[in-house]
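Colleague: Input file: model28.cif. Contents: mmCIF, C-alpha atoms.
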```cif
data_start
#
loop_
_atom_site.label_atom_id
_atom_site.label_comp_id
_atom_site.auth_asym_id
_atom_site.auth_seq_id
_atom_site.Cartn_x
_atom_site.Cartn_y
_atom_site.Cartn_z
CA MET A 1 0.00 0.00 0.00
CA GLU A 2 2.88 2.36 0.75
CA ALA A 3 4.38 1.69 -2.67
CA LEU A 4 1.02 2.35 -4.35
CA GLU A 5 0.63 5.61 -2.46
CA GLN A 6 4.08 6.68 -3.61
CA GLY A 7 3.24 5.68 -7.18
CA GLY A 8 0.28 7.99 -7.32
CA THR A 9 -2.55 7.90 -9.84
CA ILE A 10 -0.82 5.72 -12.43
CA ALA A 11 0.12 3.04 -9.91
CA TRP A 12 -3.40 2.94 -8.51
CA ALA A 13 -4.90 2.80 -12.01
CA VAL A 14 -2.70 -0.15 -12.98
CA PHE A 15 -3.48 -1.88 -9.68
CA LEU A 16 -7.25 -1.47 -10.05
CA ILE A 17 -7.19 -2.69 -13.67
CA LEU A 18 -5.30 -5.84 -12.65
CA VAL A 19 -7.63 -6.45 -9.71
CA GLY A 20 -10.65 -6.10 -12.03
CA MET A 21 -9.10 -8.58 -14.46
CA SER A 22 -8.44 -11.04 -11.63
CA ILE A 23 -12.02 -10.81 -10.34
CA GLY A 24 -13.37 -11.33 -13.87
CA THR A 25 -11.09 -14.34 -14.35
CA PHE A 26 -12.30 -16.19 -11.25
CA TYR A 27 -15.93 -15.24 -11.92
CA ILE A 28 -15.78 -16.74 -15.42
CA LEU A 29 -13.90 -19.80 -14.14
CA PHE A 30 -16.50 -20.72 -11.53
CA THR A 31 -19.57 -19.88 -13.65
CA LYS A 32 -18.26 -21.88 -16.63
CA LEU A 33 -17.39 -24.83 -14.39
CA ILE A 34 -20.99 -24.90 -13.13
CA GLU A 35 -22.34 -24.61 -16.68
CA GLN A 36 -20.07 -27.36 -17.98
CA GLN A 37 -20.93 -29.68 -15.12
CA LYS A 38 -24.62 -29.30 -15.90
CA VAL A 39 -24.05 -30.40 -19.51
CA ILE A 40 -21.87 -33.32 -18.36
CA ASN A 41 -24.61 -34.48 -15.97
CA GLN A 42 -27.17 -34.12 -18.76
CA GLY A 43 -25.04 -36.37 -20.96
CA LYS A 44 -24.99 -39.05 -18.26
CA LYS A 45 -28.78 -38.89 -18.02
CA VAL A 46 -29.12 -39.19 -21.79
CA ARG A 47 -27.04 -42.35 -21.85
CA ALA A 48 -29.05 -43.78 -18.95
CA THR A 49 -32.63 -43.00 -20.03
CA PHE A 50 -33.05 -41.33 -23.41
CA TRP A 51 -32.42 -44.24 -25.77
CA ARG A 52 -34.69 -46.52 -23.74
CA ALA A 53 -37.73 -44.44 -24.75
CA ALA A 54 -40.16 -45.74 -27.38
CA ASN A 55 -39.82 -42.61 -29.55
CA LEU A 56 -38.03 -39.27 -29.65
CA LYS A 57 -40.84 -37.22 -28.13
CA GLU A 58 -41.09 -39.59 -25.20
CA GLY A 59 -37.31 -39.50 -24.80
CA ALA A 60 -37.23 -35.70 -24.99
CA ALA A 61 -39.87 -35.52 -22.27
CA LYS A 62 -37.49 -37.39 -19.95
CA LEU A 63 -34.75 -34.79 -20.41
CA GLU A 64 -34.38 -31.69 -18.27
CA LYS A 65 -35.99 -28.48 -19.45
CA ASN A 66 -33.46 -26.20 -21.22
CA SER A 67 -31.07 -29.15 -21.45
CA ALA A 68 -28.47 -28.93 -24.19
CA TYR A 69 -29.39 -32.43 -25.35
CA LYS A 70 -33.08 -31.63 -25.27
CA GLN A 71 -32.41 -28.62 -27.49
CA ILE A 72 -30.72 -30.86 -30.07
CA VAL A 73 -33.58 -33.39 -29.95
CA ASP A 74 -36.24 -30.70 -30.26
CA ASP A 75 -34.40 -29.12 -33.19
CA GLY A 76 -34.11 -32.54 -34.86
CA ILE A 77 -37.84 -33.24 -34.46
CA LYS A 78 -38.68 -29.78 -35.77
CA ALA A 79 -36.37 -30.21 -38.77
CA GLN A 80 -37.94 -33.58 -39.57
CA GLU A 81 -41.42 -32.03 -39.52
CA GLU A 82 -40.33 -29.05 -41.63
CA HIS A 83 -38.68 -31.23 -44.29
CA THR A 84 -42.07 -32.29 -45.63
CA LYS A 85 -43.03 -28.62 -46.14
CA LEU A 86 -40.09 -27.80 -48.41
CA THR A 87 -41.07 -26.91 -51.98
CA ASP A 88 -37.53 -27.40 -53.30
CA PRO A 89 -36.53 -31.07 -52.95
CA VAL A 90 -33.68 -31.52 -50.48
CA GLU A 91 -32.28 -34.79 -49.24
CA ALA A 92 -33.62 -35.55 -45.77
CA HIS A 93 -30.13 -36.49 -44.58
CA ASP A 94 -28.64 -33.17 -45.70
CA TRP A 95 -31.51 -31.14 -44.23
CA LEU A 96 -31.41 -32.91 -40.87
CA HIS A 97 -27.61 -32.88 -40.73
CA GLY A 98 -27.53 -29.13 -41.30
CA SER A 99 -30.19 -28.46 -38.66
CA LEU A 100 -28.50 -30.63 -36.04
CA ALA A 101 -25.07 -29.17 -36.81
CA ARG A 102 -26.47 -25.66 -36.37
CA SER A 103 -27.99 -26.60 -33.02
CA GLU A 104 -24.77 -28.24 -31.85
CA ALA A 105 -22.70 -25.22 -32.93
CA ALA A 106 -24.97 -22.88 -30.96
CA ILE A 107 -24.43 -24.94 -27.79
CA ASN A 108 -20.66 -25.06 -28.28
CA SER A 109 -20.62 -21.31 -28.87
CA SER A 110 -22.51 -20.76 -25.61
CA LEU A 111 -20.05 -22.97 -23.71
CA GLY A 112 -17.16 -20.98 -25.17
CA GLY A 113 -18.54 -17.66 -23.98
CA GLY A 114 -16.14 -15.78 -21.71
CA LEU A 115 -13.05 -17.73 -22.74
CA ALA A 116 -11.94 -14.87 -24.98
CA PHE A 117 -11.76 -12.68 -21.86
CA LEU A 118 -9.48 -15.22 -20.17
CA ALA A 119 -7.23 -15.32 -23.22
CA THR A 120 -7.11 -11.52 -23.29
CA VAL A 121 -6.25 -11.30 -19.59
CA GLY A 122 -3.56 -13.95 -19.92
CA SER A 123 -1.89 -12.15 -22.81
CA THR A 124 -2.24 -8.50 -21.72
CA SER A 125 -1.95 -8.42 -17.91
CA PRO A 126 1.86 -8.96 -17.91
CA PHE A 127 2.21 -5.93 -20.18
CA ILE A 128 -0.10 -3.85 -17.99
CA GLY A 129 2.08 -4.80 -15.02
CA LEU A 130 5.14 -3.98 -17.12
CA PHE A 131 3.71 -0.52 -17.77
CA GLY A 132 3.58 0.05 -14.02
CA THR A 133 7.14 -1.29 -13.79
CA VAL A 134 8.38 1.18 -16.39
CA ILE A 135 6.69 4.06 -14.59
CA GLY A 136 8.25 2.99 -11.28
CA ILE A 137 11.75 2.80 -12.80
CA TYR A 138 11.24 6.15 -14.47
CA ARG A 139 10.32 7.71 -11.14
CA ALA A 140 13.44 6.17 -9.60
CA LEU A 141 15.59 7.73 -12.30
CA ILE A 142 13.92 11.09 -11.74
CA LYS A 143 14.74 10.90 -8.03
CA ILE A 144 18.35 9.92 -8.77
CA GLY A 145 18.66 12.89 -11.08
CA ALA A 146 17.16 15.25 -8.52
CA ALA A 147 19.34 13.93 -5.69
CA GLY A 148 22.50 13.84 -7.79
CA GLN A 149 23.43 10.39 -6.54
CA ALA A 150 21.94 6.89 -6.46
CA SER A 151 21.09 6.39 -2.80
CA ILE A 152 18.91 3.63 -1.40
CA ASP A 153 16.54 6.16 0.10
CA ALA A 154 15.93 7.76 -3.29
CA VAL A 155 15.25 4.62 -5.32
CA ALA A 156 13.87 2.09 -2.82
CA GLY A 157 10.25 3.25 -3.08
CA PRO A 158 9.97 3.53 -6.90
CA VAL A 159 11.91 0.29 -7.49
CA GLY A 160 9.75 -1.54 -4.95
CA GLU A 161 6.65 -0.22 -6.72
CA ALA A 162 8.05 -1.43 -10.06
CA LEU A 163 8.65 -4.94 -8.71
CA ILE A 164 5.18 -5.09 -7.19
CA MET A 165 3.58 -4.17 -10.51
CA THR A 166 5.56 -6.90 -12.29
CA ALA A 167 4.48 -9.47 -9.71
CA LEU A 168 0.83 -8.39 -9.92
CA GLY A 169 0.82 -8.69 -13.70
CA LEU A 170 2.14 -12.25 -13.50
CA ALA A 171 -0.19 -13.15 -10.63
CA VAL A 172 -3.17 -12.17 -12.78
CA ALA A 173 -1.90 -13.73 -16.02
CA VAL A 174 -1.01 -17.21 -14.73
CA PRO A 175 -4.47 -18.13 -13.30
CA ALA A 176 -6.14 -16.75 -16.45
CA VAL A 177 -4.01 -18.92 -18.74
CA LEU A 178 -4.51 -22.01 -16.57
CA ALA A 179 -8.27 -21.42 -16.38
CA TYR A 180 -8.47 -20.90 -20.16
CA ASN A 181 -6.66 -24.16 -20.95
CA PHE A 182 -8.63 -26.12 -18.33
CA LEU A 183 -12.02 -24.87 -19.57
CA GLN A 184 -11.05 -25.39 -23.20
CA ARG A 185 -10.14 -29.01 -22.50
CA ARG A 186 -13.48 -29.63 -20.79
CA ASN A 187 -15.33 -27.90 -23.63
CA LYS A 188 -13.57 -30.15 -26.13
CA ALA A 189 -14.67 -33.25 -24.21
CA ILE A 190 -18.26 -31.97 -24.04
CA ALA A 191 -18.21 -31.14 -27.77
CA GLU A 192 -17.13 -34.71 -28.55
CA GLN A 193 -20.03 -36.08 -26.49
CA LEU A 194 -22.49 -33.74 -28.20
CA SER A 195 -21.12 -34.70 -31.61
CA GLY A 196 -21.52 -38.40 -30.87
CA PHE A 197 -25.10 -37.87 -29.68
CA THR A 198 -25.89 -35.80 -32.79
CA VAL A 199 -24.60 -38.57 -35.07
CA ASP A 200 -26.70 -41.17 -33.25
CA LEU A 201 -29.76 -38.92 -33.39
CA LEU A 202 -29.28 -38.30 -37.12
CA ALA A 203 -29.07 -42.04 -37.78
CA TYR A 204 -32.26 -42.54 -35.75
CA LEU A 205 -34.13 -39.83 -37.68
CA VAL A 206 -33.14 -40.90 -41.20
CA SER A 207 -33.90 -44.56 -40.43
CA ASN A 208 -37.27 -43.86 -38.77
CA GLY A 209 -36.02 -45.34 -35.51
CA ALA A 210 -34.51 -48.51 -36.97
CA VAL A 211 -30.94 -47.46 -36.07
CA LYS A 212 -30.10 -46.39 -32.55
CA PRO A 213 -27.33 -47.01 -30.04
CA THR A 214 -27.29 -50.23 -28.11
CA VAL A 215 -27.95 -49.56 -24.46
CA ALA A 216 -27.50 -51.83 -21.48
CA PRO A 217 -30.72 -53.16 -20.00
CA ALA A 218 -32.17 -51.25 -17.10
CA PRO A 219 -31.11 -52.62 -13.74
CA ALA A 220 -33.68 -54.94 -12.26
CA ALA A 221 -35.49 -53.89 -9.12
CA PRO A 222 -34.22 -55.61 -5.98
CA ALA A 223 -36.27 -58.63 -4.95
CA ALA A 224 -38.52 -58.18 -1.95
CA LYS A 225 -37.30 -59.82 1.23
CA PRO A 226 -39.47 -62.73 2.43
CA ALA A 227 -41.59 -61.97 5.42
CA ALA A 228 -40.26 -63.31 8.70
CA ALA A 229 -42.08 -66.43 9.94
CA LYS A 230 -44.26 -65.90 12.95
CA ALA A 231 -43.35 -67.78 16.12
#
```
Can the structure in the file be given as structure tokens, please?
Modeller:
Amino acid sequence: MEALEQGGTIAWAVFLILVGMSIGTFYILFTKLIEQQKVINQGKKVRATFWRAANLKEGAAKLEKNSAYKQIVDDGIKAQEEHTKLTDPVEAHDWLHGSLARSEAAINSSLGGGLAFLATVGSTSPFIGLFGTVIGIYRALIKIGAAGQASIDAVAGPVGEALIMTALGLAVAVPAVLAYNFLQRRNKAIAEQLSGFTVDLLAYLVSNGAVKPTVAPAPAAPAAKPAAAKA
């Protein structure tokens, strides 16, 4: 705090910008983790219940409202119904594939929201800290010139301020880069699951339900325990 007070307006401005970037980084990290986990849980539910349904509408009814997978199913059903209304003949496979791909791309785009901010913070915060470093060194040189000699008393404050700004820039950049790479990896895994589900759904639609993934049978209910014999 003493170094920031000595640095004046520029030091405080750099400090507040870096703090704002850090807060934004952790906010995006936690909100995207929650959003991703919801989609991952939805995928587990799809594998457990969706393909056991008699038809798509019944399967869609079992999915959570506003689920990413439900959105793809609803868009597929809508595209199948709209194909019969086309005046220009289009292959059903091409029409359905385009509709499902558009729906999948919209979900992936939503999952990628905010990651550009993390990339920006990771690439720019070291330079913002470096700007504060340059200003601190400049102030140290000004004090040396005014004092006529390089004494510890003259340069300790500005040099300390410069080092603090460098450390703050790195402290903000490193978590942003780590969060960006971590979220990107999870988004890639989710995108692969969505892509696999879309392919299975497309095969189901174009085959009128004849082709669908093989699912394990539902676990049998535990047998009732026999009643204890009376004495």
Colleague: Using the chain letters and numbers from the file, give me the residues hit by the PyMOL selection byres ((chain A and resi 29) around 10), as a ChimeraX atom specification.
Modeller: /A:23-28,30-34,114-115,118,175-176,178-180,182-183
Colleague: So, counting only C-alpha atoms, which residue among A:Gly59, A:Gly43, A:Gly112, A:Gly169 is closest to Leu194 of chain A?
Modeller: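 Distance minimum relative to Leu194 of chain A lands on A:Gly43.
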Colleague: Please enumerate the residues selected by the PyMOL selection byres ((chain A and resi 16) around 12) when evaluated against the supplied file, formatted as a PyMOL selection string.
Modeller: chain A and resi 4+9-15+17-23+125+128-129+132+165+168-169+172
Colleague: Nearest to Ser195 of chain A among A:Ala210, A:Val90, A:Leu100, A:Ala140, with distances taken over all atoms listed in the file: which residue is it?
Modeller: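 The answer is A:Leu100, which sits nearest to Ser195 of chain A.
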Colleague: Give me the result of the PyMOL selection byres ((chain A and resi 76) around 9) on this file, residue by residue, as an MDAnalysis selection string.
Modeller: chainID A and resid 71:75 77:81 96:97 99:100 103 201:202 205
Colleague: Which centre and which edge lengths, in Å to one decimal, describe the axis-aligned box that holds all listed atoms of segment 52-66 of chain A after 3 Å is added on each side, as JSON?
Modeller:
```
{"center_x": -37.3, "center_y": -36.4, "center_z": -24.0, "size_x": 13.6, "size_y": 26.3, "size_z": 17.4}
```
Colleague: With all atoms listed in the file as the atoms that count, which of A:Ala68, A:Ala61, A:Ala92, A:Val177 lies nearest to Ile40 of chain A?
Modeller: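 With all atoms listed in the file as the atom set, the closest residue is A:Ala68.
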Colleague: Quick one: pull the distance between atom CA of Gln193 of chain A and atom CA of Glu35 of chain A, Å, one decimal.
Modeller: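 Separation between atom CA of Gln193 of chain A and atom CA of Glu35 of chain A: 15.3 Å.
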Colleague: What is the atom CA of Leu63 of chain A-atom CA of Lys85 of chain A distance in Å, reported with one decimal?
Modeller: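 Separation between atom CA of Leu63 of chain A and atom CA of Lys85 of chain A: 27.7 Å.
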Colleague: Have a look at atom CA of Lys57 of chain A and atom CA of His83 of chain A and let me know their distance in Å, one decimal.
Modeller: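 Separating atom CA of Lys57 of chain A from atom CA of His83 of chain A is a distance of 17.4 Å.
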Colleague: Using all atoms listed in the file, which residues sit within 10 Å of Tyr204 of chain A once same-chain residues fewer than 6 positions away are excluded, as an NGL selection string?
Modeller: :A and (55-56 or 198 or 210-213)
Colleague: Kindly save the residues from that selection, with C-alpha atoms included, as a CSV table (one decimal), in the coordinates of the input.
Modeller:
```csv
chain,number,residue,atom,x,y,z
A,55,ASN,CA,-39.8,-42.6,-29.6
A,56,LEU,CA,-38.0,-39.3,-29.6
A,198,THR,CA,-25.9,-35.8,-32.8
A,210,ALA,CA,-34.5,-48.5,-37.0
A,211,VAL,CA,-30.9,-47.5,-36.1
A,212,LYS,CA,-30.1,-46.4,-32.6
A,213,PRO,CA,-27.3,-47.0,-30.0
```
Colleague: Calculated over all atoms listed in the file, which of the candidates A:Ala60, A:Leu170, A:Ala191, A:Val199 has the smallest distance to Gly122 of chain A?
Modeller: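 Among the listed residues, the smallest separation from Gly122 of chain A belongs to A:Leu170.
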Colleague: Counting all atoms listed in the file, figure out which residue out of A:Glu82, A:Asp94, A:Glu161, A:Glu104 gets nearest to Lys70 of chain A.
Modeller: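 Nearest candidate to Lys70 of chain A out of A:Glu82, A:Asp94, A:Glu161, A:Glu104: A:Glu104.
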Colleague: Find, counting all atoms listed in the file, the residue in A:His93, A:Ser67, A:Asn187, A:Arg139 that gets nearest to Val206 of chain A.
Modeller: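 Checking each of A:His93, A:Ser67, A:Asn187, A:Arg139 against Val206 of chain A, counting all atoms listed in the file, the winner is A:His93.
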